[in-house]
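Structure file start01.pdb (PDB, C-alpha atoms) is printed below.
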```
ATOM      1  CA  MET J 115      24.148  13.475   4.887
ATOM      2  CA  LEU J 116      20.533  13.292   6.137
ATOM      3  CA  SER J 117      20.967  16.361   8.356
ATOM      4  CA  GLU J 118      22.292  18.404   5.422
ATOM      5  CA  ILE J 119      19.452  17.328   3.157
ATOM      6  CA  LEU J 120      16.882  18.156   5.847
ATOM      7  CA  LYS J 121      18.377  21.637   6.210
ATOM      8  CA  GLN J 122      18.015  22.183   2.457
ATOM      9  CA  SER J 123      14.497  20.722   2.223
ATOM     10  CA  ILE J 124      11.320  22.763   2.582
ATOM     11  CA  SER J 125       9.302  21.394   5.461
ATOM     12  CA  TYR J 126       5.845  22.167   6.750
ATOM     13  CA  SER J 127       4.207  21.922  10.137
ATOM     14  CA  LEU J 128       0.923  20.050  10.440
ATOM     15  CA  SER J 129      -1.045  23.295  10.340
ATOM     16  CA  GLU J 130       0.912  24.657   7.355
ATOM     17  CA  PHE J 131       0.257  21.465   5.413
ATOM     18  CA  GLU J 132      -3.431  21.611   6.276
ATOM     19  CA  THR J 133      -3.543  25.222   5.061
ATOM     20  CA  ILE J 134      -2.049  24.147   1.730
ATOM     21  CA  ILE J 135      -4.707  21.467   1.338
ATOM     22  CA  GLU J 136      -7.540  23.805   2.277
ATOM     23  CA  GLU J 137      -6.288  26.394  -0.225
ATOM     24  CA  VAL J 138      -6.205  23.793  -3.000
ATOM     25  CA  ILE J 139      -9.759  22.699  -2.170
ATOM     26  CA  ARG J 140     -11.154  26.203  -1.676
ATOM     27  CA  THR J 141      -9.508  28.018  -4.580
ATOM     28  CA  GLY J 142      -8.462  25.303  -7.015
ATOM     29  CA  SER J 143      -4.954  26.743  -6.798
ATOM     30  CA  GLU J 144      -2.370  25.127  -9.037
ATOM     31  CA  LYS J 145       0.603  26.433  -7.041
ATOM     32  CA  ILE J 146       1.271  23.005  -5.559
ATOM     33  CA  TYR J 147      -1.032  20.538  -7.328
ATOM     34  CA  SER J 148      -2.296  20.468 -10.881
ATOM     35  CA  THR J 149      -6.061  20.494 -11.284
ATOM     36  CA  ASP J 150      -6.143  16.797 -12.215
ATOM     37  CA  MET J 151      -4.920  16.034  -8.669
ATOM     38  CA  HIS J 152      -7.531  18.199  -6.897
ATOM     39  CA  PRO J 153     -10.224  15.489  -6.699
ATOM     40  CA  TYR J 154      -7.779  13.182  -4.898
ATOM     41  CA  VAL J 155      -6.701  15.946  -2.527
ATOM     42  CA  SER J 156     -10.328  16.742  -1.710
ATOM     43  CA  LYS J 157     -11.417  13.119  -1.300
ATOM     44  CA  ASN J 158      -8.446  12.313   0.959
ATOM     45  CA  TYR J 159      -9.010  15.419   3.057
ATOM     46  CA  ASP J 160     -12.651  14.444   3.589
ATOM     47  CA  LEU J 161     -11.542  10.971   4.693
ATOM     48  CA  GLU J 162      -8.966  12.467   7.051
ATOM     49  CA  ARG J 163     -11.539  14.764   8.646
ATOM     50  CA  ASP J 164     -13.957  11.854   9.079
ATOM     51  CA  MET J 165     -11.213   9.765  10.667
ATOM     52  CA  GLN J 166     -10.147  12.640  12.911
ATOM     53  CA  SER J 167     -13.628  12.831  14.406
ATOM     54  CA  LYS J 168     -13.491   9.138  15.415
ATOM     55  CA  PHE J 169      -9.784   8.770  16.098
ATOM     56  CA  SER J 170      -8.070   7.972  19.396
ATOM     57  CA  LEU J 171      -4.653   6.868  20.545
ATOM     58  CA  GLN J 172      -4.363   3.405  22.042
ATOM     59  CA  LYS J 173      -3.259   3.550  25.687
ATOM     60  CA  LYS J 174      -0.073   1.592  24.987
ATOM     61  CA  PHE J 175       0.775   3.882  22.069
ATOM     62  CA  PHE J 176      -0.023   7.025  24.072
ATOM     63  CA  ASN J 177       2.368   5.872  26.806
ATOM     64  CA  ALA J 178       5.077   5.111  24.226
ATOM     65  CA  VAL J 179       4.678   8.592  22.718
ATOM     66  CA  GLN J 180       5.018  10.221  26.129
ATOM     67  CA  LYS J 181       8.161   8.229  26.982
ATOM     68  CA  THR J 182       9.839   8.275  23.565
ATOM     69  CA  GLN J 183      13.413   9.405  23.010
ATOM     70  CA  THR J 184      12.439  10.334  19.448
ATOM     71  CA  ALA J 185      12.981  14.084  19.171
ATOM     72  CA  SER J 186      11.387  14.584  15.772
ATOM     73  CA  LEU J 187       9.046  12.828  13.391
ATOM     74  CA  HIS J 188       9.215  13.404   9.649
ATOM     75  CA  LEU J 189       6.655  12.507   7.010
ATOM     76  CA  ILE J 190       7.326  12.447   3.293
ATOM     77  CA  THR J 191       3.891  12.904   1.814
ATOM     78  CA  GLU J 192       1.640  14.340  -0.861
ATOM     79  CA  ALA J 193      -1.975  15.373  -0.350
ATOM     80  CA  TRP J 194      -3.120  13.270  -3.312
ATOM     81  CA  CYS J 195      -1.841  10.068  -1.633
ATOM     82  CA  LEU J 196      -4.458   8.156   0.365
ATOM     83  CA  ASP J 197      -1.940   6.173   2.425
ATOM     84  CA  ALA J 198      -0.070   9.332   3.343
ATOM     85  CA  HIS J 199      -3.180  11.311   4.220
ATOM     86  CA  ILE J 200      -4.566   8.884   6.771
ATOM     87  CA  ILE J 201      -1.475   9.401   8.948
ATOM     88  CA  MET J 202      -2.461  13.004   9.625
ATOM     89  CA  PRO J 203      -4.886  12.216  12.491
ATOM     90  CA  LEU J 204      -2.180  10.061  14.065
ATOM     91  CA  PHE J 205       0.386  12.857  13.825
ATOM     92  CA  LYS J 206      -2.102  15.309  15.308
ATOM     93  CA  GLY J 207      -2.654  12.906  18.212
ATOM     94  CA  ILE J 208       1.103  12.538  18.732
ATOM     95  CA  ALA J 209       1.483  16.330  18.771
ATOM     96  CA  ILE J 210      -1.074  16.547  21.577
ATOM     97  CA  ALA J 211       0.320  13.591  23.548
ATOM     98  CA  ASN J 212       3.891  14.883  23.384
ATOM     99  CA  PRO J 213       4.246  18.498  22.238
ATOM    100  CA  SER J 214       8.039  18.314  22.552
ATOM    101  CA  ILE J 215       8.257  16.112  19.445
ATOM    102  CA  ASP J 216       8.975  18.262  16.404
ATOM    103  CA  ILE J 217       6.777  17.087  13.518
ATOM    104  CA  ARG J 218       7.775  18.069   9.991
ATOM    105  CA  LEU J 219       6.217  17.226   6.621
ATOM    106  CA  TYR J 220       7.923  17.241   3.239
ATOM    107  CA  LEU J 221       6.298  17.098  -0.171
ATOM    108  CA  ARG J 222       7.716  14.130  -2.030
ATOM    109  CA  ASP J 223       7.715  15.806  -5.415
ATOM    110  CA  ARG J 224       9.513  18.890  -4.094
ATOM    111  CA  SER J 225      12.035  17.030  -1.928
ATOM    112  CA  GLU J 226      13.871  14.858  -4.440
ATOM    113  CA  ASP J 227      17.138  14.574  -2.489
ATOM    114  CA  LEU J 228      15.297  13.569   0.675
ATOM    115  CA  MET J 229      13.086  11.091  -1.171
ATOM    116  CA  GLN J 230      16.148   9.425  -2.697
ATOM    117  CA  LEU J 231      17.314   8.500   0.822
ATOM    118  CA  PHE J 232      14.034   6.716   1.560
ATOM    119  CA  LEU J 233      13.192   4.731  -1.559
ATOM    120  CA  THR J 234      11.124   1.564  -1.130
ATOM    121  CA  ASN J 235      12.463  -1.148  -3.413
ATOM    122  CA  GLY J 236      13.807   1.589  -5.674
ATOM    123  CA  SER J 237      10.499   3.467  -5.913
ATOM    124  CA  LYS J 238       9.246   6.747  -4.443
ATOM    125  CA  SER J 239       6.459   5.071  -2.472
ATOM    126  CA  ILE J 240       4.902   7.249   0.181
ATOM    127  CA  PRO J 241       4.237   7.822   2.940
ATOM    128  CA  VAL J 242       7.627   7.492   4.526
ATOM    129  CA  VAL J 243       7.829   8.241   8.218
ATOM    130  CA  PHE J 244      11.135   8.466  10.001
ATOM    131  CA  GLY J 245      12.113   9.495  13.479
ATOM    132  CA  LEU J 246      15.289  11.175  14.616
ATOM    133  CA  ASP J 247      16.817  11.088  18.074
ATOM    134  CA  LYS J 248      18.139  14.139  19.929
ATOM    135  CA  LEU J 249      21.449  13.890  18.059
ATOM    136  CA  GLY J 250      19.685  13.946  14.693
ATOM    137  CA  GLN J 251      20.376  10.287  14.019
ATOM    138  CA  GLU J 252      17.740   8.125  12.388
ATOM    139  CA  ALA J 253      15.911   6.169  15.082
ATOM    140  CA  PHE J 254      13.456   4.388  12.799
ATOM    141  CA  ARG J 255      11.725   4.465   9.440
ATOM    142  CA  TRP J 256       8.350   3.149   8.351
ATOM    143  CA  GLY J 257       6.286   3.046   5.198
ATOM    144  CA  PRO J 258       4.469   3.039   2.937
ATOM    145  CA  ARG J 259       1.591   1.271   4.698
ATOM    146  CA  SER J 260       0.874  -1.092   7.579
ATOM    147  CA  ALA J 261       1.047  -4.856   7.187
ATOM    148  CA  LYS J 262      -2.747  -5.035   7.632
ATOM    149  CA  ALA J 263      -3.292  -2.458   4.870
ATOM    150  CA  LYS J 264      -0.984  -4.500   2.616
ATOM    151  CA  GLU J 265      -3.168  -7.555   3.287
ATOM    152  CA  VAL J 266      -6.286  -5.585   2.326
ATOM    153  CA  LEU J 267      -4.640  -4.348  -0.862
ATOM    154  CA  ALA J 268      -3.136  -7.683  -1.967
ATOM    155  CA  PRO J 269      -6.295  -9.249  -3.481
ATOM    156  CA  VAL J 270      -7.128  -6.100  -5.474
ATOM    157  CA  ILE J 271      -3.626  -4.892  -6.347
ATOM    158  CA  ASN J 272      -4.168  -5.428 -10.089
ATOM    159  CA  GLU J 273      -7.650  -3.889 -10.126
ATOM    160  CA  SER J 274      -8.519  -0.341 -11.153
ATOM    161  CA  TYR J 275      -7.535   2.601  -8.978
ATOM    162  CA  GLY J 276     -11.172   3.041  -7.889
ATOM    163  CA  ILE J 277     -11.386  -0.500  -6.536
ATOM    164  CA  ARG J 278      -8.022  -0.222  -4.761
ATOM    165  CA  TYR J 279      -9.016   3.157  -3.302
ATOM    166  CA  GLN J 280     -12.344   1.807  -2.052
ATOM    167  CA  ALA J 281     -10.738  -1.237  -0.421
ATOM    168  CA  LEU J 282      -8.119   0.847   1.364
ATOM    169  CA  SER J 283     -10.400   3.708   2.361
ATOM    170  CA  ASN J 284     -12.958   1.250   3.798
ATOM    171  CA  PHE J 285     -10.170  -0.400   5.790
ATOM    172  CA  TYR J 286      -8.827   2.948   7.027
ATOM    173  CA  LYS J 287     -12.300   4.099   8.119
ATOM    174  CA  LEU J 288     -12.585   1.014  10.336
ATOM    175  CA  ASP J 289      -8.956   0.752  11.436
ATOM    176  CA  LEU J 290      -8.516   4.462  12.318
ATOM    177  CA  THR J 291      -4.686   4.001  12.380
ATOM    178  CA  GLN J 292      -4.875   1.281  15.034
ATOM    179  CA  SER J 293      -2.679  -1.066  12.948
ATOM    180  CA  ILE J 294      -0.114   1.709  12.443
ATOM    181  CA  GLN J 295      -0.095   2.436  16.174
ATOM    182  CA  GLU J 296       0.547  -1.256  16.859
ATOM    183  CA  GLU J 297       3.507  -1.213  14.473
ATOM    184  CA  TRP J 298       4.923   2.089  15.754
ATOM    185  CA  VAL J 299       4.648   1.378  19.486
ATOM    186  CA  ASP J 300       7.981  -0.460  19.464
ATOM    187  CA  LEU J 301       9.600   1.936  16.968
ATOM    188  CA  LEU J 302       9.170   4.998  19.153
TER     189      LEU J 302
END
```
Kindly return the structure encoded in the file as structure tokens.
Amino acid sequence: MLSEILKQSISYSLSEFETIIEEVIRTGSEKIYSTDMHPYVSKNYDLERDMQSKFSLQKKFFNAVQKTQTASLHLITEAWCLDAHIIMPLFKGIAIANPSIDIRLYLRDRSEDLMQLFLTNGSKSIPVVFGLDKLGQEAFRWGPRSAKAKEVLAPVINESYGIRYQALSNFYKLDLTQSIQEEWVDLL
């Protein structure tokens, strides 16, 4: 079932997804995102670029990526989602560490059938990351955020979006995906 849905879903490479984001920011295009989402896309992209300049793979994670039997990594995402956007530097690092891993991205709101396979407690929470082995079987799934990010969010979960965003973005700027790498090292 998953393989059929993946064949029918529109996927993007890392560079194609980045091009979409840059077009939204540069032109204000509404082809993918309505104008009310553009500030989130822009803010998240700025955070991603800042993180990318400071980002590195942990040695243990780098070794796991090089030795993995995971043939492909898939990310269900949207550019307006902070938690989904911060994974981009990590995926770029994985692509460099092991170019044989096929990395594909899917827009949640344009991949309904795929999203339905990866609901979190019945909701369309993103990001969702899943890996497939060489036979196309699901090797692992992860999402929507690391345990450490959940701890950061817990005390402010009922606060305004701005407060939640600030708490998470501050955490992500310091963490630089290290907590995700720790969680993924055994998944790969």
### Task
Work out how far CA of Phe244 in chain J is from CA of Arg218 in chain J, in Å to one decimal.
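Going from CA of Arg218 in chain J over to CA of Phe244 in chain J covers 10.2 Å.
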### Query
Nearest to Ala211 in chain J: which of J:Asn272, J:Gln180, J:Gln295, J:Gln280 is it, counting all atoms listed in the file?
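The closest residue to Ala211 in chain J is J:Gln180.
Note on the selection: in this file the PyMOL selection byres ((chain J and resi 195-206) around 6) comes out as Asn158, Glu162, Gln166, Thr191, Glu192, Ala193, Trp194, Gly207, Ile208, Ala209 and Pro241 of chain J.
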### Message
I'd like the residues picked by the PyMOL selection byres ((chain J and resi 228) around 9) written out as a PyMOL selection string, using the chain letters and numbers from the file.
### Response
chain J and resi 116+119-120+123+190+220+222+225-227+229-232
### Task
In Å, rounded to a single decimal, give me how far CA of Leu187 in chain J is from CA of Ile217 in chain J.
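It comes out at 4.8 Å.
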#### Entry: Selection dump of the PyMOL selection byres ((chain J and resi 246) around 9), as an NGL selection string
:J and (183-188 or 244-245 or 247-254)
Put a box with edges along x, y and z around all the listed atoms of range 252-265 of chain J, pad it by 4 Å on each side, then give me its centre and sizes in Å, one decimal, as lines of an AutoDock Vina configuration file.
```
center_x = 7.2
center_y = 0.3
center_z = 8.8
size_x = 29.0
size_y = 23.7
size_z = 20.5
```
#### Entry: Residue neighbourhood Met165 in chain J, 9 Å, all atoms listed in the file, exclusion window fewer than 5 positions, as a list of chain:residue names
J:Asp160, J:Ile200, J:Pro203, J:Tyr286, J:Lys287, J:Leu288, J:Leu290, J:Thr291
### Query
Between CA of Ala261 in chain J and CA of Leu233 in chain J, what is the spacing in Å?
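Calculated distance between CA of Leu233 in chain J and CA of Ala261 in chain J is 17.8 Å.
The smallest atom-to-atom distance between Glu130 in chain J and any of J:Val299, J:Leu219, J:Ser293, J:Ser214, using all atoms listed in the file, is found for J:Leu219.
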### Task
Go through J:Thr133, J:Ser274, J:Ser237, J:Gln292 one by one, measure the shortest atom-to-atom distance of each to Lys262 in chain J using all atoms listed in the file, and give the residue with the smallest value.
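Between J:Thr133, J:Ser274, J:Ser237, J:Gln292, the residue approaching Lys262 in chain J most closely is J:Gln292.
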### Task
Would you mind listing what lies within 8 Å of Ser239 in chain J as JSON, numbers by chain, with only C-alpha atoms counted and same-chain residues fewer than 5 positions away left out?
{"J": [233, 234, 257, 258]}
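Neighbours of Ala268 in chain J closer than or equal to 12 Å, with only C-alpha atoms counted and sequence neighbours fewer than 5 positions away skipped, come out as Ala261, Lys262, Ala263, Glu273, Ile277, Arg278, Ala281 and Leu282 of chain J.
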Can those selected residues be exported to a file as a CSV table (one decimal), in the frame of the given file so that it contains C-alpha atoms?
```
chain,number,residue,atom,x,y,z
J,261,ALA,CA,1.0,-4.9,7.2
J,262,LYS,CA,-2.7,-5.0,7.6
J,263,ALA,CA,-3.3,-2.5,4.9
J,273,GLU,CA,-7.6,-3.9,-10.1
J,277,ILE,CA,-11.4,-0.5,-6.5
J,278,ARG,CA,-8.0,-0.2,-4.8
J,281,ALA,CA,-10.7,-1.2,-0.4
J,282,LEU,CA,-8.1,0.8,1.4
```
Generate the missing atoms of range 239-254 of chain J up to N, CA and C atoms and report them as a tab-separated table (two decimals), keeping the file's coordinate frame.
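To be explicit, this is the file written out as result_3.tsv:
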```
chain	number	residue	atom	x	y	z
J	239	SER	N	7.70	5.37	-3.19
J	239	SER	CA	6.46	5.07	-2.47
J	239	SER	C	6.35	5.92	-1.22
J	240	ILE	N	5.18	6.48	-1.02
J	240	ILE	CA	4.90	7.25	0.18
J	240	ILE	C	3.63	6.72	0.82
J	241	PRO	N	3.45	6.98	2.07
J	241	PRO	CA	4.24	7.82	2.94
J	241	PRO	C	5.50	7.13	3.43
J	242	VAL	N	6.46	7.94	3.80
J	242	VAL	CA	7.63	7.49	4.53
J	242	VAL	C	7.65	8.30	5.81
J	243	VAL	N	7.72	7.60	6.91
J	243	VAL	CA	7.83	8.24	8.22
J	243	VAL	C	9.18	7.82	8.79
J	244	PHE	N	9.90	8.81	9.30
J	244	PHE	CA	11.14	8.47	10.00
J	244	PHE	C	11.27	9.35	11.23
J	245	GLY	N	11.89	8.77	12.24
J	245	GLY	CA	12.11	9.49	13.48
J	245	GLY	C	13.59	9.72	13.68
J	246	LEU	N	13.90	10.85	14.29
J	246	LEU	CA	15.29	11.18	14.62
J	246	LEU	C	15.42	11.33	16.13
J	247	ASP	N	16.57	10.90	16.65
J	247	ASP	CA	16.82	11.09	18.07
J	247	ASP	C	17.33	12.50	18.32
J	248	LYS	N	17.70	12.78	19.56
J	248	LYS	CA	18.14	14.14	19.93
J	248	LYS	C	19.43	14.56	19.24
J	249	LEU	N	20.20	13.60	18.76
J	249	LEU	CA	21.45	13.89	18.06
J	249	LEU	C	21.24	14.01	16.55
J	250	GLY	N	19.98	13.85	16.11
J	250	GLY	CA	19.68	13.95	14.69
J	250	GLY	C	19.96	12.67	13.93
J	251	GLN	N	20.14	11.58	14.66
J	251	GLN	CA	20.38	10.29	14.02
J	251	GLN	C	19.04	9.58	13.79
J	252	GLU	N	18.97	8.85	12.70
J	252	GLU	CA	17.74	8.12	12.39
J	252	GLU	C	17.48	7.06	13.44
J	253	ALA	N	16.31	7.14	14.06
J	253	ALA	CA	15.91	6.17	15.08
J	253	ALA	C	15.07	5.05	14.48
J	254	PHE	N	14.27	5.39	13.49
J	254	PHE	CA	13.46	4.39	12.80
J	254	PHE	C	12.94	4.97	11.49
```
